[in-house]
>>> print(open('upload_38.cif').read())   # mmCIF, C-alpha atoms and all ligand atoms
data_final
#
loop_
_atom_site.group_PDB
_atom_site.id
_atom_site.type_symbol
_atom_site.label_atom_id
_atom_site.label_comp_id
_atom_site.auth_asym_id
_atom_site.auth_seq_id
_atom_site.Cartn_x
_atom_site.Cartn_y
_atom_site.Cartn_z
ATOM 1 C CA MET A 1064 104.921 87.919 80.423
ATOM 2 C CA THR A 1065 101.474 86.373 80.098
ATOM 3 C CA VAL A 1066 98.985 86.387 82.966
ATOM 4 C CA ILE A 1067 96.216 83.791 82.869
ATOM 5 C CA ALA A 1068 93.328 83.857 85.348
ATOM 6 C CA ILE A 1069 91.783 80.427 85.815
ATOM 7 C CA ALA A 1070 88.238 81.258 86.743
ATOM 8 C CA ASN A 1071 84.695 79.949 86.933
ATOM 9 C CA GLN A 1072 82.324 80.985 89.701
ATOM 10 C CA LYS A 1073 80.968 77.465 89.811
ATOM 11 C CA GLY A 1074 82.613 75.359 92.509
ATOM 12 C CA GLY A 1075 84.477 72.120 91.993
ATOM 13 C CA VAL A 1076 84.881 72.335 88.209
ATOM 14 C CA GLY A 1077 88.648 71.774 88.162
ATOM 15 C CA LYS A 1078 90.097 75.311 88.490
ATOM 16 C CA THR A 1079 92.724 74.389 91.056
ATOM 17 C CA THR A 1080 93.589 71.096 89.387
ATOM 18 C CA THR A 1081 94.055 72.954 86.113
ATOM 19 C CA ALA A 1082 96.130 75.719 87.734
ATOM 20 C CA ILE A 1083 98.503 73.240 89.401
ATOM 21 C CA ASN A 1084 98.945 70.919 86.453
ATOM 22 C CA LEU A 1085 99.044 73.518 83.713
ATOM 23 C CA ALA A 1086 101.618 75.456 85.757
ATOM 24 C CA THR A 1087 103.683 72.280 86.142
ATOM 25 C CA ALA A 1088 103.438 71.385 82.461
ATOM 26 C CA LEU A 1089 104.477 74.909 81.416
ATOM 27 C CA ALA A 1090 107.410 74.776 83.843
ATOM 28 C CA ALA A 1091 108.366 71.422 82.324
ATOM 29 C CA SER A 1092 108.527 73.267 78.982
ATOM 30 C CA LEU A 1093 111.199 75.488 80.575
ATOM 31 C CA LYS A 1094 108.907 78.478 81.020
ATOM 32 C CA LYS A 1095 109.371 80.460 84.211
ATOM 33 C CA VAL A 1096 106.022 80.127 85.948
ATOM 34 C CA LEU A 1097 104.416 81.708 88.988
ATOM 35 C CA MET A 1098 101.177 80.246 90.331
ATOM 36 C CA ILE A 1099 99.125 82.523 92.566
ATOM 37 C CA ASP A 1100 96.681 80.979 95.008
ATOM 38 C CA LEU A 1101 93.892 83.548 95.246
ATOM 39 C CA ASP A 1102 91.355 81.236 96.861
ATOM 40 C CA PRO A 1103 90.865 81.379 100.652
ATOM 41 C CA GLN A 1104 90.372 77.596 100.568
ATOM 42 C CA GLY A 1105 94.084 77.414 99.759
ATOM 43 C CA ASN A 1106 93.755 74.259 97.668
ATOM 44 C CA ALA A 1107 96.449 75.258 95.178
ATOM 45 C CA SER A 1108 98.861 75.720 98.091
ATOM 46 C CA THR A 1109 98.088 72.412 99.816
ATOM 47 C CA GLY A 1110 98.018 70.695 96.421
ATOM 48 C CA MET A 1111 101.657 71.755 96.040
ATOM 49 C CA GLY A 1112 102.513 70.440 99.499
ATOM 50 C CA LEU A 1113 102.460 73.802 101.296
ATOM 51 C CA TYR A 1114 100.679 73.545 104.604
ATOM 52 C CA GLY A 1115 100.041 76.077 107.407
ATOM 53 C CA ARG A 1116 103.625 76.595 108.544
ATOM 54 C CA GLU A 1117 104.983 77.722 105.191
ATOM 55 C CA ARG A 1118 102.044 79.967 104.500
ATOM 56 C CA LYS A 1119 102.396 82.744 107.066
ATOM 57 C CA ALA A 1120 102.396 85.444 104.404
ATOM 58 C CA GLY A 1121 100.949 85.118 100.941
ATOM 59 C CA SER A 1122 98.468 86.531 98.485
ATOM 60 C CA TYR A 1123 96.483 88.306 101.232
ATOM 61 C CA GLU A 1124 99.478 90.316 102.441
ATOM 62 C CA VAL A 1125 100.449 91.112 98.848
ATOM 63 C CA LEU A 1126 96.926 92.244 97.896
ATOM 64 C CA LEU A 1127 96.622 94.500 100.914
ATOM 65 C CA GLY A 1128 100.105 95.950 100.406
ATOM 66 C CA ILE A 1129 101.410 94.578 103.720
ATOM 67 C CA GLU A 1130 104.247 92.623 102.073
ATOM 68 C CA LYS A 1131 106.005 92.770 98.718
ATOM 69 C CA ALA A 1132 105.214 89.937 96.317
ATOM 70 C CA SER A 1133 108.911 89.028 96.075
ATOM 71 C CA GLU A 1134 108.997 88.468 99.870
ATOM 72 C CA CYS A 1135 106.113 85.982 99.811
ATOM 73 C CA ILE A 1136 106.839 83.951 96.677
ATOM 74 C CA ILE A 1137 108.212 80.482 97.390
ATOM 75 C CA LYS A 1138 110.196 78.297 94.972
ATOM 76 C CA THR A 1139 108.632 74.857 94.646
ATOM 77 C CA ARG A 1140 110.696 71.707 94.226
ATOM 78 C CA ILE A 1141 109.760 71.794 90.553
ATOM 79 C CA PRO A 1142 112.385 73.752 88.608
ATOM 80 C CA TYR A 1143 110.979 76.958 87.057
ATOM 81 C CA LEU A 1144 107.806 76.852 89.186
ATOM 82 C CA SER A 1145 107.187 79.281 92.044
ATOM 83 C CA ILE A 1146 104.059 79.892 94.063
ATOM 84 C CA LEU A 1147 102.485 82.770 95.916
ATOM 85 C CA PRO A 1148 100.468 80.793 98.455
ATOM 86 C CA ALA A 1149 97.205 81.701 100.149
ATOM 87 C CA SER A 1150 97.687 82.705 103.770
ATOM 88 C CA PRO A 1151 95.030 82.181 106.457
ATOM 89 C CA HIS A 1152 93.912 85.836 106.376
ATOM 90 C CA LEU A 1153 92.803 85.640 102.741
ATOM 91 C CA SER A 1154 89.274 84.709 103.819
ATOM 92 C CA GLY A 1155 88.867 88.278 105.108
ATOM 93 C CA ALA A 1156 90.123 89.936 101.947
ATOM 94 C CA GLU A 1157 86.772 90.093 100.104
ATOM 95 C CA VAL A 1158 85.354 92.282 102.880
ATOM 96 C CA GLU A 1159 88.485 94.335 103.480
ATOM 97 C CA LEU A 1160 88.929 95.184 99.804
ATOM 98 C CA VAL A 1161 85.469 96.790 99.607
ATOM 99 C CA SER A 1162 86.507 99.964 101.398
ATOM 100 C CA LEU A 1163 89.862 100.440 99.620
ATOM 101 C CA PRO A 1164 90.442 102.855 96.745
ATOM 102 C CA GLN A 1165 91.298 101.087 93.452
ATOM 103 C CA ARG A 1166 90.152 97.860 95.037
ATOM 104 C CA GLU A 1167 90.090 95.945 91.722
ATOM 105 C CA PHE A 1168 93.693 96.922 90.884
ATOM 106 C CA LYS A 1169 95.497 95.774 94.031
ATOM 107 C CA LEU A 1170 96.894 92.565 92.580
ATOM 108 C CA LYS A 1171 97.895 94.188 89.296
ATOM 109 C CA GLN A 1172 99.823 96.891 91.143
ATOM 110 C CA ALA A 1173 101.531 94.369 93.411
ATOM 111 C CA LEU A 1174 102.620 92.165 90.502
ATOM 112 C CA GLU A 1175 104.441 94.953 88.668
ATOM 113 C CA GLU A 1176 107.432 94.310 90.925
ATOM 114 C CA VAL A 1177 107.872 90.682 89.804
ATOM 115 C CA GLU A 1178 106.407 90.498 86.303
ATOM 116 C CA GLU A 1179 109.833 90.583 84.640
ATOM 117 C CA ASP A 1180 110.792 87.405 86.497
ATOM 118 C CA TYR A 1181 108.219 85.122 84.861
ATOM 119 C CA ASP A 1182 107.022 83.993 81.440
ATOM 120 C CA TYR A 1183 103.629 82.893 82.747
ATOM 121 C CA ILE A 1184 101.630 83.828 85.826
ATOM 122 C CA LEU A 1185 98.645 81.566 86.518
ATOM 123 C CA ILE A 1186 96.031 82.694 89.028
ATOM 124 C CA ASP A 1187 93.795 80.151 90.738
ATOM 125 C CA CYS A 1188 90.538 81.992 91.485
ATOM 126 C CA PRO A 1189 87.916 81.222 94.149
ATOM 127 C CA PRO A 1190 84.452 79.974 93.131
ATOM 128 C CA SER A 1191 82.810 83.414 93.133
ATOM 129 C CA LEU A 1192 82.807 86.625 91.128
ATOM 130 C CA GLY A 1193 83.801 88.851 94.040
ATOM 131 C CA PHE A 1194 86.759 91.202 94.414
ATOM 132 C CA LEU A 1195 89.362 88.432 94.476
ATOM 133 C CA THR A 1196 88.305 87.172 91.046
ATOM 134 C CA LEU A 1197 87.932 90.772 89.807
ATOM 135 C CA ASN A 1198 91.514 91.452 90.885
ATOM 136 C CA ALA A 1199 92.644 88.399 88.941
ATOM 137 C CA LEU A 1200 90.730 89.439 85.810
ATOM 138 C CA THR A 1201 92.054 92.996 86.045
ATOM 139 C CA SER A 1202 95.637 91.680 86.184
ATOM 140 C CA ALA A 1203 95.231 89.130 83.401
ATOM 141 C CA ASN A 1204 95.787 89.055 79.645
ATOM 142 C CA TYR A 1205 93.640 85.959 79.421
ATOM 143 C CA ILE A 1206 90.945 84.050 81.232
ATOM 144 C CA LEU A 1207 90.962 80.269 80.990
ATOM 145 C CA VAL A 1208 87.663 78.682 81.994
ATOM 146 C CA PRO A 1209 87.561 75.089 83.213
ATOM 147 C CA LEU A 1210 84.126 73.669 82.510
ATOM 148 C CA GLN A 1211 82.802 70.423 83.879
ATOM 149 C CA CYS A 1212 80.598 68.719 81.306
ATOM 150 C CA GLU A 1213 77.339 68.584 83.230
ATOM 151 C CA PHE A 1214 73.852 69.979 82.984
ATOM 152 C CA TYR A 1215 74.148 73.411 84.665
ATOM 153 C CA ALA A 1216 77.553 74.175 83.181
ATOM 154 C CA LEU A 1217 76.295 76.416 80.376
ATOM 155 C CA GLU A 1218 74.033 78.497 82.584
ATOM 156 C CA GLY A 1219 76.942 79.623 84.769
ATOM 157 C CA LEU A 1220 79.033 80.258 81.707
ATOM 158 C CA SER A 1221 76.843 83.077 80.369
ATOM 159 C CA GLN A 1222 77.021 84.844 83.741
ATOM 160 C CA LEU A 1223 80.796 84.477 83.667
ATOM 161 C CA MET A 1224 81.001 85.877 80.126
ATOM 162 C CA ASN A 1225 78.926 88.894 81.220
ATOM 163 C CA THR A 1226 81.440 89.539 83.971
ATOM 164 C CA VAL A 1227 84.303 89.241 81.485
ATOM 165 C CA ARG A 1228 82.617 91.809 79.234
ATOM 166 C CA ARG A 1229 82.123 94.185 82.162
ATOM 167 C CA VAL A 1230 85.777 93.829 83.138
ATOM 168 C CA GLN A 1231 86.849 94.432 79.526
ATOM 169 C CA GLY A 1232 84.763 97.606 79.405
ATOM 170 C CA ARG A 1233 85.600 99.075 82.772
ATOM 171 C CA LEU A 1234 88.795 97.611 84.239
ATOM 172 C CA ASN A 1235 90.955 95.820 81.684
ATOM 173 C CA SER A 1236 90.517 96.232 77.934
ATOM 174 C CA GLN A 1237 93.404 93.753 77.334
ATOM 175 C CA LEU A 1238 91.502 90.782 78.766
ATOM 176 C CA SER A 1239 90.506 88.056 76.333
ATOM 177 C CA LEU A 1240 89.148 84.539 76.558
ATOM 178 C CA LEU A 1241 92.041 82.130 76.042
ATOM 179 C CA GLY A 1242 89.750 79.162 76.005
ATOM 180 C CA ILE A 1243 87.370 76.787 77.715
ATOM 181 C CA ALA A 1244 88.908 73.580 79.021
ATOM 182 C CA LEU A 1245 86.500 70.667 79.317
ATOM 183 C CA THR A 1246 87.270 68.889 82.601
ATOM 184 C CA MET A 1247 86.330 65.559 84.167
ATOM 185 C CA TYR A 1248 85.282 64.539 80.693
ATOM 186 C CA ASP A 1249 83.894 61.036 80.234
ATOM 187 C CA LYS A 1250 83.290 60.114 76.625
ATOM 188 C CA ARG A 1251 81.168 57.082 77.607
ATOM 189 C CA ASN A 1252 78.722 59.377 79.385
ATOM 190 C CA VAL A 1253 75.985 60.666 77.039
ATOM 191 C CA LEU A 1254 75.385 63.866 79.015
ATOM 192 C CA SER A 1255 79.110 64.660 79.134
ATOM 193 C CA GLU A 1256 79.296 64.217 75.364
ATOM 194 C CA GLN A 1257 76.168 66.321 74.779
ATOM 195 C CA VAL A 1258 77.353 69.231 76.920
ATOM 196 C CA ALA A 1259 80.760 69.142 75.220
ATOM 197 C CA GLU A 1260 79.025 69.331 71.859
ATOM 198 C CA ASP A 1261 76.830 72.269 72.949
ATOM 199 C CA VAL A 1262 79.843 74.164 74.250
ATOM 200 C CA ARG A 1263 81.743 73.538 71.011
ATOM 201 C CA THR A 1264 78.771 74.695 68.909
ATOM 202 C CA HIS A 1265 78.591 77.868 70.949
ATOM 203 C CA PHE A 1266 82.260 78.733 71.478
ATOM 204 C CA LYS A 1267 83.781 76.976 68.452
ATOM 205 C CA GLU A 1268 87.574 77.210 68.358
ATOM 206 C CA LEU A 1269 87.605 78.811 71.802
ATOM 207 C CA VAL A 1270 87.186 75.344 73.297
ATOM 208 C CA PHE A 1271 90.549 73.604 73.777
ATOM 209 C CA LYS A 1272 90.862 70.571 71.513
ATOM 210 C CA ASN A 1273 92.069 68.300 74.300
ATOM 211 C CA PRO A 1274 89.532 67.645 77.041
ATOM 212 C CA ILE A 1275 90.787 66.593 80.480
ATOM 213 C CA PRO A 1276 89.428 63.114 81.209
ATOM 214 C CA ARG A 1277 88.087 62.029 84.575
ATOM 215 C CA ASN A 1278 91.119 60.252 85.979
ATOM 216 C CA VAL A 1279 91.640 58.796 89.451
ATOM 217 C CA LYS A 1280 95.347 59.762 89.488
ATOM 218 C CA ILE A 1281 94.353 63.433 89.143
ATOM 219 C CA SER A 1282 92.154 63.188 92.220
ATOM 220 C CA GLU A 1283 94.739 61.250 94.250
ATOM 221 C CA ALA A 1284 97.687 63.555 93.565
ATOM 222 C CA PRO A 1285 96.650 66.501 95.846
ATOM 223 C CA SER A 1286 96.595 64.288 98.947
ATOM 224 C CA HIS A 1287 100.285 63.653 98.256
ATOM 225 C CA GLY A 1288 100.884 67.402 97.905
ATOM 226 C CA THR A 1289 102.045 67.000 94.332
ATOM 227 C CA PRO A 1290 100.878 67.674 90.751
ATOM 228 C CA VAL A 1291 99.658 64.612 88.857
ATOM 229 C CA LEU A 1292 102.582 65.093 86.455
ATOM 230 C CA LEU A 1293 104.915 64.136 89.298
ATOM 231 C CA TYR A 1294 102.586 61.627 90.926
ATOM 232 C CA ASP A 1295 102.075 59.546 87.788
ATOM 233 C CA VAL A 1296 103.512 60.997 84.627
ATOM 234 C CA ARG A 1297 102.073 58.198 82.471
ATOM 235 C CA SER A 1298 98.464 58.688 83.593
ATOM 236 C CA SER A 1299 95.826 59.891 81.146
ATOM 237 C CA GLY A 1300 95.444 62.991 83.341
ATOM 238 C CA SER A 1301 99.121 63.919 83.029
ATOM 239 C CA LEU A 1302 99.058 63.419 79.297
ATOM 240 C CA ALA A 1303 95.941 65.589 78.949
ATOM 241 C CA TYR A 1304 97.485 68.454 80.928
ATOM 242 C CA MET A 1305 100.650 68.288 78.824
ATOM 243 C CA LYS A 1306 98.535 68.563 75.683
ATOM 244 C CA LEU A 1307 96.575 71.457 77.176
ATOM 245 C CA ALA A 1308 99.865 73.202 77.982
ATOM 246 C CA SER A 1309 101.018 72.847 74.392
ATOM 247 C CA GLU A 1310 97.758 74.411 73.175
ATOM 248 C CA VAL A 1311 98.183 77.251 75.678
ATOM 249 C CA LEU A 1312 101.788 77.806 74.605
ATOM 250 C CA GLN A 1313 100.863 77.827 70.961
ATOM 251 C CA GLN A 1314 97.932 80.205 71.398
ATOM 252 C CA THR A 1315 99.617 82.711 73.676
ATOM 253 C CA GLN A 1316 102.695 82.846 71.447
ATOM 254 C CA GLU A 1317 100.665 83.057 68.237
ATOM 255 C CA ARG A 1318 98.496 85.860 69.547
ATOM 256 C CA LYS A 1319 101.518 87.783 70.736
ATOM 257 C CA TYR A 1320 102.952 87.501 67.254
ATOM 258 C CA VAL A 1321 99.702 88.748 65.711
ATOM 259 C CA GLU A 1322 99.598 91.698 68.125
ATOM 260 C CA PHE A 1323 103.204 92.491 67.256
ATOM 261 C CA ALA A 1324 102.558 92.230 63.516
ATOM 262 C CA ASN A 1325 99.702 94.682 63.821
HETATM 263 N N1 LIG B 1401 90.042 65.306 85.663
HETATM 264 C C1 LIG B 1401 89.726 64.946 86.917
HETATM 265 N N2 LIG B 1401 89.537 63.645 87.229
HETATM 266 C C2 LIG B 1401 89.199 63.276 88.475
HETATM 267 N N3 LIG B 1401 89.039 64.119 89.499
HETATM 268 C C3 LIG B 1401 89.212 65.424 89.267
HETATM 269 C C4 LIG B 1401 89.567 65.918 87.962
HETATM 270 N N4 LIG B 1401 89.665 67.259 88.016
HETATM 271 C C5 LIG B 1401 89.396 67.601 89.296
HETATM 272 N N5 LIG B 1401 89.120 66.508 90.049
HETATM 273 C C6 LIG B 1401 88.746 66.486 91.458
HETATM 274 O O1 LIG B 1401 87.525 67.200 91.592
HETATM 275 C C7 LIG B 1401 87.541 68.011 92.747
HETATM 276 C C8 LIG B 1401 87.364 69.472 92.366
HETATM 277 O O2 LIG B 1401 88.472 69.890 91.592
HETATM 278 P P1 LIG B 1401 89.188 71.283 91.870
HETATM 279 O O3 LIG B 1401 89.502 71.456 93.313
HETATM 280 O O4 LIG B 1401 90.301 71.403 90.916
HETATM 281 O O5 LIG B 1401 88.007 72.258 91.456
HETATM 282 P P2 LIG B 1401 87.885 73.825 91.752
HETATM 283 O O6 LIG B 1401 87.082 74.390 90.622
HETATM 284 O O7 LIG B 1401 89.201 74.409 92.027
HETATM 285 O O8 LIG B 1401 87.019 73.811 93.091
HETATM 286 P P3 LIG B 1401 86.674 75.129 93.970
HETATM 287 O O9 LIG B 1401 85.612 75.833 93.226
HETATM 288 O O10 LIG B 1401 86.204 74.575 95.279
HETATM 289 O O11 LIG B 1401 87.925 75.927 94.094
HETATM 290 C C9 LIG B 1401 88.863 67.729 93.441
HETATM 291 O O12 LIG B 1401 88.659 66.741 94.423
HETATM 292 C C10 LIG B 1401 89.759 67.218 92.329
HETATM 293 O O13 LIG B 1401 90.750 66.342 92.804
HETATM 294 MG MG MG B 1402 89.820 75.571 93.655
#
>>> encode(input="upload_38.cif", output="structure tokens")
Amino acid sequence: MTVIAIANQKGGVGKTTTAINLATALAASLKKVLMIDLDPQGNASTGMGLYGRERKAGSYEVLLGIEKASECIIKTRIPYLSILPASPHLSGAEVELVSLPQREFKLKQALEEVEEDYDYILIDCPPSLGFLTLNALTSANYILVPLQCEFYALEGLSQLMNTVRRVQGRLNSQLSLLGIALTMYDKRNVLSEQVAEDVRTHFKELVFKNPIPRNVKISEAPSHGTPVLLYDVRSSGSLAYMKLASEVLQQTQERKYVEFAN
């Protein structure tokens, strides 16, 4: 089982979009996938068509040990794809976690019960580096960082990498950077191109080869409560997420093999 935290403390960079569509593309490759909505905004849940009624219990109850993960996970209408939705109480979790012992390990402990059931667990993180994101990073083998190609993107990235290093040192030595996914990429835009180049110079092969283009179908899909892969499978957005999924599959399987060989 491979756990991937999709994180960037910067808001609106495409974390949730990447979580939903990467999860869908991996499920389409017949991998058993669980997506965890760890953001109090609950966008990954609504983006999959889960609204208030179906979200009475979710990641909050699991984190705080009120419910078992297996009780709160819901099968989506996409074969092989399940979701642990965000429930309304999740907005209080940041504060409530502070006073708990082992507060960074709550998610990891709760997932032990279900980890055998999935090939991939994808965690959609909130736009902050608080305890919710720390719980995700502590549970994960990999962090995948969506990065929107714009001016301040690189500044936030160094802060994020510092956090990753701190987590590696103190909470989870297994964590590694799976890659940086360039999102909302527009090759006709000079700035977009320039930032992409800077990121590639800096992070080299850690940047996924296939950027995700800015695509109107990607932004329309959530209002229909569906991944873009179901909304319009022929769109450039769908194609890009399928290519990203094949890179993710290749890298996670390759690295496992290397670890095994060693
Ligand atoms: N490739 C894309 N093309 C067009 N629109 C996109 C693309 N990726 C994301 N969007 C849109 O940009 C907005 C932000 O994306 P998203 O919600 O995935 O970001 P986020 O990082 O999860 O945000 P937050 O930090 O608030 O959780 C959404 O309205 C989404 O539909
Ligand atoms: Mg989000």
>>> residues_around(input="upload_38.cif", residues="Val1291 (chain A)", least_positions_apart="4", cutoff="9 Å", atoms="all atoms listed in the file", output="list in words")
Thr1080, Ile1083, Asn1084, Lys1280, Ile1281, Ser1282, Glu1283, Ala1284, Pro1285, Asp1295, Val1296, Ser1298, Gly1300 and Ser1301 of chain A
>>> residues_around(input="upload_38.cif", residues="Lys1306 (chain A)", least_positions_apart="4", cutoff="8 Å", atoms="only C-alpha atoms", output="list in words")
Asn1273, Leu1302 and Glu1310 of chain A
>>> residues_near_point(input="upload_38.cif", point="(98.7, 87.5, 102.4)", cutoff="12 Å", atoms="only C-alpha atoms", output="PyMOL selection string")
chain A and resi 1099-1103+1105+1117-1132+1134-1136+1147-1156+1170+1173
>>> residues_near_ligand(input="upload_38.cif", ligand="ligand MG 1402 (chain B)", cutoff="8 Å", atoms="all atoms listed in the file", output="number ranges by chain")
A: 1074-1075, 1077-1080, 1102, 1104-1107, 1187-1190
>>> closest_residue(input="upload_38.cif", among="A:Ser1255, A:Ala1070, A:Gly1112, A:Ala1090", to="ligand LIG 1401 (chain B)", atoms="only C-alpha atoms and all ligand atoms")
A:Ala1070
>>> atom_distance(input="upload_38.cif", atom1="CA of Thr1081 (chain A)", atom2="atom O7 of ligand LIG 1401 (chain B)")
7.8 Å
>>> atom_distance(input="upload_38.cif", atom1="CA of Thr1315 (chain A)", atom2="CA of Arg1166 (chain A)")
27.8 Å
